[in-house]
Amino acid sequence: MSTPVTTLSTMIDAIAGVVGKENVTTDVETLKKYSRDTSLMAPRMPDMTVWVKNTSQVQGVIKIANQNNYPVVPRSSGTGTYGTGIPEEGGMILDFSRMKRIPRTDTRNRWVLIEPGVTFGELRDDLSKNGMQALNPLLPRRDKSVITSVLEREPVLTAKTECDEPLRTMEIVWGTGELFRSGAMAVDAMPAEEIPDKTKSDLCSVGGPGIDWWRLMTGCQGSFGVITIMNVKIFHKPLMQKVVFLPFNTLEDAVMPFYTIQRREIGHECFILNSYNLAAIMAETESEIPELARKLPPYSIVLNLWGGQFFPEDRIAYEEKAVKEIADQYKCSVTQEVKAIPEASERFQSMLTGPWEGDVYWKERQLGGCLDIVFESGMDKIPGYWNLFQQLAGECGLVTSTLGMYIQPRQRARVCHVEFNIPCDPNGAGIDTVKAFHKKASETVMNAGAFFYRPYYDWADMIYSRSGYTFETIKKLKKIIDPNRTLNPGRIGL
Amino acid sequence: MAFSDIALRALKDVVGEEHVSDDPIICQAYSRVQWTADGCIQRSQLGTKMKPTCIVLPDSTEEVQAIVKLANRYKFVFIPRGSGMINSAFPNAAQVMRANGVIIVDPKRMDKILKVDGNNMYMVIEPYVNFAACQAEAMKVGCTMPSPPAGAQVSALANIQWHGAYGNSWLSGLGAHQLLSFEVVLPNGEILRSGSISQAGNDDWIWNDGPGPDLRGFFRGAQFGHAGGMGMVTKISTRLFPWPGPVVFPTQGNGVGKESYFPVDKVRWYMIDFPAAIKAYPEKEEEQLRWACDLHYEIARAELAIVVQHNAKQFMWTWAARSKEEFHKGANEDFYPHGYNIVALSAITSLEQLEYEEKVLKSIVKKMGGSFLSEESPDPKDRERYKVWMRITNDWIRTAHSMRLSRPTDCFHQGTACLDSIDAVADEIIRANRAQRKMREAGKGQNLLPISFHGGWISPLEKGYGALMTTDLWPEQEPEKAAEAIQFLLSSLVGMLGEKSAGATVCLLGPAYDLLGPQFFNVHLLVKAMKREFDPNNVSNPPYATMPDVVDPMQLAEMTKVL
Ligand SMILES: Cc1cc2nc3c(=O)[nH]c(=O)nc-3n(C[C@H](O)[C@H](O)[C@H](O)COP(=O)(O)OP(=O)(O)OC[C@H]3O[C@@H](n4cnc5c(N)ncnc54)[C@H](O)[C@@H]3O)c2cc1C
């Protein structure tokens with residue numbers, strides 16, 4: 001671009017010159033949708049939404065923006081949850097939802113190459129043709145981008161250590177519009193799907209070139225670079241599997257059985273839900289949720305026993321025996337049935353591999369909205385945080401029986417991703433109280449020692465104000481990588 | 001500015017007089033890398049001048065920080081050190097010629113295991129804790145810690161923040177995977193705490209990623225970290241894995257005669273041979289390696305095992321032989337005629353699970369036409385091969401015997417290294433071995449051990465999602481001969497670049513950034529900017545992580561001339 005763009009209309013023309021007029025919109029209703037998400041954070045209007053369909057368009061658009069000091073907010077998932085895609089400083093939304101190719105699957109090395117618009121449902125359907133399965137988080141939204149989920153380090157349902165970081169290699173467009181590739185994809189700039197055939201790279205080595213970009217690029221909420229293609233780990237579908245449940249009256253009671261199951265490496269997918277979340281997922285209709293929650297055990301470990309690919313009956317048999325031993329040891333029970341939920345085991349089994357299929361997302365089913373508190377902790381400390389959270393909820397006048405809790409072990413419970421969910425009515429009279437509680441509870445749990453690893457909502461200030469030189473380091477890196485603050489400016493305080 | 005008594009006094013003031021030494025004899029002792037070809041050449045370049053100006057032994061992060069601040073004030077170079085096994089932990093010619101002084105920060109007084117958390121399977125350590133100590137403590141709480149073939153005597157922290165290829169990488173991946181939270185005094189003297197400990201007042205070392213961007217990505221690379229070029233790491237937390245027992249590592253005998261056997265209801269080892277039709281080596285090398293790949297992929301699909309590797313014949317014999325004499329005799333007699341696939345299964349869930357895994361492994365091997373060596377093998381030589389290996393196979397989990405690895409000539413050099421898929425790293429072994437044979441046909445490399453004595457190490461990572469390979473050379477301890485080994489490595493690299501091998505993307509460090517960066521999307525410019533930002537005076541072990549400025553190609557040629 002030789003002449004600088006000085007007005008919005010020349011900016012729109014310049015961008016349309018790259019992607020075509022039909023792929024730029026300034027329609028107010030459309031922009032309104034992009035100005036907010038489900039986080040209840042203050043909306044900010046973008047000037048335009050731009051749909052891109054390939055890397056060279058992405059580069060072209062970002063180059064123009066960068067040369068003109070104009071913000072670009074990348075967005076791959078249809079619905080944002082934590083405020084990460086709200087255009088804090090205006091500018092354009094760069095929408096990747098039309099980049100939907102799944103150009104290569106490698107069953108031997110267990111990866112699939114995807115573009116940012118690919119959702120979990122689409123990936124499941126594609127992989128099942130090859131007998132493979134994606135590493136799914138818990139019932140993601142139907143329009144959730146797999147790449148966004150991976151970049152956000154959303155935990156996957158399986159607790160297996162080797163599945164914990166699904167990201168392999170990727171193509172990045174920097175805030176300057178320059179192209180970059182990480183890991184074994186860096187061997188060439190040819191289309192990524194051609195690399196295994198035309199080079200000596202199978203896109204398996206994650207690190208490099210030089211430093212570990214594959215890690216540095218995660219958790220930055222689109223403010224370091226834009227990902228246009230990525231390969232992620234997948235695994236072979238089991239020949240047989242069986243979901244079992246271990247019910248508990250208190251969360252404290254679940255701690256040791258949970259650790260022991262993981263230490264003995266039993267099963268594949270595993271997590272804990274409280275009765276409210278279990279009901280929110282399993283109730284036939286929204287209105288049944290409170291009643292069902294009352295009938296369910298307060299806490300359940302959900303565990304998928306795994307037959308794998310060889311002698312599946314034998315494998316399930318030894319896993320089942322081991323779980324029973326653990327249940328005996330800790331005087332709890334293990335069942336395939338859940339009272340009040342017919343066919344719970346079978347239904348859960350099918351839910352482990354795909355997105356939430358209902359119209360209203362499961363967390364929002366009852367009241368229309370939900371605020372989350374998301375952090376990481378050792379399992380031993382979670383009951384303490386949960387008690388604190390519930391106590392505070394009571395003090396703030398919230399009904400504690402309608403609060404959700406989800407614990408996801410990572411790397412065989414080396415750590416747990418924890419969510420405390422606060423269902424709420426975004427348009428209800430009490431919303432300000434809920435928002436105030438969300439803020440206060442976040443602060444309280446954080447002060448008690450929980451590690452808030454993803455600076456969502458307006459937590460960035462709270463987290464980074466106590467991060468010493470960590471935040472300075474992140475700021476310096478941002479300055480090197482995106483000197484003009486082109487990408488998602490204002491996000492995570494950058 | 002030369003290193004003056006002012007700087008020396010200030011250092012003594014920080015750590016106490018008794019913890020600083022500029023005694024020429026002591027400094028001389030810190031000038032040598034025993035085993036590497038690079039070290040051999042370095043010594044020949046500057047001889048006794050190649051020694052640090054002084055040695056400093058801090059005992060806390062605050063003392064390290066004060067030392068780094070002095071380095072910036074007086075512009076002397078500091079080299080963070082672990083146990084000092086590799087050349088980048090010693091002064092190099094460029095540092096010595098800069099003449100501002102070079103100090104080695106020796107962490108011997110920072111030697112504590114600060115925490116072992118059995119439930120959450122991690123450990124917090126200071127820089128001078130070695131793998132042996134970590135393993136002993138981990139086993140007490142029913143866990144195991146991966147150990148590198150570099151040996152259990154090295155600093156676990158240095159290894160994890162810098163390199164990290166392990167006997168059981170099948171479980172753990174590389175050092176980059178092993179790193180959880182870390183605390184580092186950056187070259188500018190600031191303290192960066194990454195992961196869960198970044199939050200003021202939080203001393204829970206449990207986790208690594210965030211808050212926000214995962215700064216392990218800035219601090220670590222695929223195969224290498226910054227080699228001391230981005231400050232000194234003072235504490236890390238690192239991962240442990242479930243271990244079925246025993247709680248104490250069982251050994252019998254002494255010294256090189258030491259043997260170790262685990263109870264068979266806990267851990268079982270398997271030595272897997274190729275089908276009869278492809279046993280001839282080196283004629284059938286390629287078929288053997290392809291077969292090994294197929295085996296490893298099947299084990300990955302079955303999700304079995306705690307150790308899976310194809311071990312090169314030289315790996316096996318350097319470890320298994322109990323003396324130099326025995327080594328050379330066995331080498332001549334081809335005690336191990338080719339490489340073998342080594343697998344360990346363990347009873348993590350239960351004895352039934354161990355039996356199940358054995359059943360699956362046997363069915364895979366049978367289907368593929370392979371066989372297991374055992375004490376009942378029909379060929380008496382196979383029985384002996386098995387017995388000899390079983391004496392020391394547990395060392396993959398503990399000491400890994402690096403000293404034995406360098407034993408053939410007392411000098412060791414990697415011929416090639418590559419990370420990618422199991423198939424891709426096998427390709428690299430084949431290419432490296434072909435190149436080595438060609439070199440010998442051309443009358444070169446005679447001092448390197450004969451090519452028939454090879455086979456390559458395939459070490460799959462993270463249960464087969466990736467893999468590492470190395471081939472190794474043993475030059476004699478003379479500069480020209482060592483240079484031949486390095487030449488070989490460089491020609492391997494050129495070969496990798498020519499064929500666009502994934503291996504080339506993982507070896508950027510120091511001057512290699514300038515050499516390779518332009519091929520890899522100008523990554524060198526980004527990393528140079530980081531070096532400038534965090535090490536404005538270029539005092540943290542230059543030329544690592546890389547040089548702050550782009551190096552003129554002529555100068556680069558000069559710098560790498562010896563190579
Ligand atoms: C024969 C042989 C076999 C080997 N095999 C293996 C192997 O199988 N697996 C493997 O992983 N490695 C291997 N290595 C490489 C290397 O020796 C190891 O990685 C070893 O762990 C290094 O540990 P150290 O304590 O000796 O570190 P050092 O040599 O002291 O340091 C290594 C590097 O890290 C830097 N450093 C040290 N401490 C710090 C710190 N606290 N902060 C910042 N930087 C620091 C140093 O400056 C240096 O550049 C091998 C080396 C040899 C010679």
# chains A, B, ... in the order shown; residues from 1 in each chain; ligands from 1
call {"tool": "residues_near_ligand", "arguments": {"ligand": "ligand 1", "cutoff": "6 Å", "atoms": "only C-alpha atoms and all ligand atoms", "output": "VMD selection string"}}
result
chain B and resid 35 to 36 79 to 86 88 to 89 127 148 to 150 154 to 155 158 to 159 162 to 166 227 to 228 231 to 234 402 405 to 406 412
call {"tool": "residues_around", "arguments": {"residues": "segment 338-348 of chain B", "least_positions_apart": "2", "cutoff": "7 Å", "atoms": "only C-alpha atoms", "output": "JSON, numbers by chain"}}
result
{"A": [264, 265], "B": [242, 243, 244, 265, 266, 267, 268, 269, 270, 271, 272, 273, 281, 292, 305, 306, 307, 308, 309, 310, 311, 312, 313, 336, 350, 351, 353, 354, 455]}
call {"tool": "residues_around", "arguments": {"residues": "Thr353 of chain A", "least_positions_apart": "3", "cutoff": "8 Å", "atoms": "only C-alpha atoms", "output": "PDB file with N, CA, C and O atoms, in the first residue's frame"}}
result
ATOM      1  N   ARG A 124     -15.417 -34.032  14.087  1.00  0.00           N
ATOM      2  CA  ARG A 124     -15.844 -35.388  14.477  1.00  0.00           C
ATOM      3  C   ARG A 124     -16.315 -36.155  13.243  1.00  0.00           C
ATOM      4  O   ARG A 124     -15.906 -37.301  13.023  1.00  0.00           O
ATOM      5  N   GLN A 133     -10.656 -40.045  16.253  1.00  0.00           N
ATOM      6  CA  GLN A 133     -11.457 -39.209  17.132  1.00  0.00           C
ATOM      7  C   GLN A 133     -10.667 -37.961  17.535  1.00  0.00           C
ATOM      8  O   GLN A 133      -9.447 -38.037  17.696  1.00  0.00           O
ATOM      9  N   ALA A 134     -11.392 -36.847  17.711  1.00  0.00           N
ATOM     10  CA  ALA A 134     -10.716 -35.604  18.113  1.00  0.00           C
ATOM     11  C   ALA A 134     -10.580 -35.544  19.625  1.00  0.00           C
ATOM     12  O   ALA A 134     -11.285 -36.237  20.351  1.00  0.00           O
ATOM     13  N   LEU A 135      -9.679 -34.714  20.080  1.00  0.00           N
ATOM     14  CA  LEU A 135      -9.552 -34.466  21.521  1.00  0.00           C
ATOM     15  C   LEU A 135     -10.523 -33.341  21.872  1.00  0.00           C
ATOM     16  O   LEU A 135     -10.252 -32.178  21.623  1.00  0.00           O
ATOM     17  N   ASN A 136     -11.631 -33.724  22.451  1.00  0.00           N
ATOM     18  CA  ASN A 136     -12.721 -32.783  22.703  1.00  0.00           C
ATOM     19  C   ASN A 136     -12.673 -32.173  24.093  1.00  0.00           C
ATOM     20  O   ASN A 136     -12.414 -32.882  25.052  1.00  0.00           O
ATOM     21  N   GLN A 349     -21.565 -41.498  26.776  1.00  0.00           N
ATOM     22  CA  GLN A 349     -20.594 -41.996  25.808  1.00  0.00           C
ATOM     23  C   GLN A 349     -20.672 -41.220  24.495  1.00  0.00           C
ATOM     24  O   GLN A 349     -19.654 -40.825  23.937  1.00  0.00           O
ATOM     25  N   SER A 350     -21.897 -40.978  24.043  1.00  0.00           N
ATOM     26  CA  SER A 350     -22.009 -40.273  22.761  1.00  0.00           C
ATOM     27  C   SER A 350     -21.696 -38.784  22.918  1.00  0.00           C
ATOM     28  O   SER A 350     -21.357 -38.115  21.953  1.00  0.00           O
TER      29      SER A 350
END
call {"tool": "residues_around", "arguments": {"residues": "Pro355 of chain A", "least_positions_apart": "5", "cutoff": "7 Å", "atoms": "only C-alpha atoms", "output": "list in words"}}
result
Phe120, Gly121, Leu139, Pro140, Arg141 and Arg142 of chain A
call {"tool": "atom_distance", "arguments": {"atom1": "atom CA of Glu364 of chain A", "atom2": "atom CA of Cys424 of chain A"}}
result
7.7 Å
call {"tool": "residues_around", "arguments": {"residues": "Arg491 of chain A", "least_positions_apart": "2", "cutoff": "8 Å", "atoms": "only C-alpha atoms", "output": "ChimeraX atom specification"}}
result
/A:84,88,221,223,488-489,493-494
call {"tool": "select_by_dssp", "arguments": {"residues": "segment 74-309 of chain B", "states": "alpha helix (DSSP H)", "output": "ChimeraX atom specification"}}
result
/B:74,93-98,131-140,156-162,169-172,175-178,216-219,285-302
call {"tool": "closest_residue", "arguments": {"among": "B:Leu240, B:Met139, B:Met50, B:Ile278", "to": "Arg414 of chain A", "atoms": "only C-alpha atoms"}}
result
B:Leu240
call {"tool": "closest_residue", "arguments": {"among": "B:Ile486, B:Leu180, B:Ala320, B:Leu57", "to": "chain A", "atoms": "only C-alpha atoms"}}
result
B:Leu180
call {"tool": "residues_around", "arguments": {"residues": "Asn120 of chain B", "least_positions_apart": "4", "cutoff": "9 Å", "atoms": "only C-alpha atoms", "output": "count of residues only"}}
result
11
call {"tool": "atom_distance", "arguments": {"atom1": "atom CA of Val338 of chain A", "atom2": "atom CA of Met240 of chain A"}}
result
20.5 Å
call {"tool": "atom_distance", "arguments": {"atom1": "atom CA of Pro187 of chain B", "atom2": "atom CA of Ile125 of chain B"}}
result
21.1 Å
call {"tool": "residues_around", "arguments": {"residues": "Ile104 of chain B", "least_positions_apart": "2", "cutoff": "6 Å", "atoms": "only C-alpha atoms", "output": "PyMOL selection string"}}
result
chain B and resi 55+78-79+106
call {"tool": "write_last_selection", "arguments": {"atoms": "all heavy atoms", "output": "PDB file, in the first residue's frame"}}
result
ATOM      1  N   ILE B  55      35.232 -17.731  39.660  1.00  0.00           N
ATOM      2  CA  ILE B  55      34.075 -18.608  39.894  1.00  0.00           C
ATOM      3  C   ILE B  55      33.301 -18.021  41.068  1.00  0.00           C
ATOM      4  O   ILE B  55      33.896 -17.646  42.072  1.00  0.00           O
ATOM      5  CB  ILE B  55      34.529 -20.029  40.318  1.00  0.00           C
ATOM      6  CG1 ILE B  55      35.673 -20.544  39.455  1.00  0.00           C
ATOM      7  CG2 ILE B  55      33.356 -20.993  40.349  1.00  0.00           C
ATOM      8  CD1 ILE B  55      35.353 -20.671  38.004  1.00  0.00           C
ATOM      9  N   PHE B  78      28.642 -13.470  32.270  1.00  0.00           N
ATOM     10  CA  PHE B  78      28.415 -14.546  33.242  1.00  0.00           C
ATOM     11  C   PHE B  78      27.877 -15.788  32.533  1.00  0.00           C
ATOM     12  O   PHE B  78      27.080 -15.691  31.598  1.00  0.00           O
ATOM     13  CB  PHE B  78      27.473 -14.107  34.375  1.00  0.00           C
ATOM     14  CG  PHE B  78      26.042 -13.893  33.962  1.00  0.00           C
ATOM     15  CD1 PHE B  78      25.106 -14.911  34.079  1.00  0.00           C
ATOM     16  CD2 PHE B  78      25.630 -12.660  33.462  1.00  0.00           C
ATOM     17  CE1 PHE B  78      23.774 -14.712  33.705  1.00  0.00           C
ATOM     18  CE2 PHE B  78      24.302 -12.459  33.078  1.00  0.00           C
ATOM     19  CZ  PHE B  78      23.381 -13.477  33.200  1.00  0.00           C
ATOM     20  N   ILE B  79      28.348 -16.931  33.002  1.00  0.00           N
ATOM     21  CA  ILE B  79      27.902 -18.201  32.426  1.00  0.00           C
ATOM     22  C   ILE B  79      27.176 -18.994  33.508  1.00  0.00           C
ATOM     23  O   ILE B  79      27.783 -19.437  34.480  1.00  0.00           O
ATOM     24  CB  ILE B  79      29.096 -19.043  31.916  1.00  0.00           C
ATOM     25  CG1 ILE B  79      29.916 -18.234  30.918  1.00  0.00           C
ATOM     26  CG2 ILE B  79      28.609 -20.348  31.299  1.00  0.00           C
ATOM     27  CD1 ILE B  79      31.169 -18.955  30.448  1.00  0.00           C
ATOM     28  N   ASP B 106      28.526 -20.901  39.567  1.00  0.00           N
ATOM     29  CA  ASP B 106      28.445 -22.321  39.915  1.00  0.00           C
ATOM     30  C   ASP B 106      27.390 -22.494  41.013  1.00  0.00           C
ATOM     31  O   ASP B 106      27.496 -21.890  42.085  1.00  0.00           O
ATOM     32  CB  ASP B 106      29.823 -22.783  40.416  1.00  0.00           C
ATOM     33  CG  ASP B 106      29.847 -24.267  40.706  1.00  0.00           C
ATOM     34  OD1 ASP B 106      28.772 -24.850  40.962  1.00  0.00           O
ATOM     35  OD2 ASP B 106      30.945 -24.862  40.706  1.00  0.00           O
TER      36      ASP B 106
END
call {"tool": "select_by_dssp", "arguments": {"residues": "segment 180-269 of chain B", "states": "strand (DSSP E)", "output": "PyMOL selection string"}}
result
chain B and resi 180-185+191-194+232-239+241-242+267-269
call {"tool": "closest_residue", "arguments": {"among": "A:Leu296, A:Met282, A:Ile407, A:Met185", "to": "chain B", "atoms": "only C-alpha atoms"}}
result
A:Met185
call {"tool": "closest_residue", "arguments": {"among": "A:Val360, A:Leu251, A:Tyr276, A:Val18", "to": "Ser56 of chain A", "atoms": "only C-alpha atoms"}}
result
A:Val18
call {"tool": "closest_residue", "arguments": {"among": "A:Asp188, A:Asp328, A:Asp461, A:Glu313", "to": "chain B", "atoms": "only C-alpha atoms"}}
result
A:Asp188
call {"tool": "closest_residue", "arguments": {"among": "B:Pro408, B:Pro518, B:Pro275, B:Gly330", "to": "Lys367 of chain B", "atoms": "only C-alpha atoms"}}
result
B:Pro275
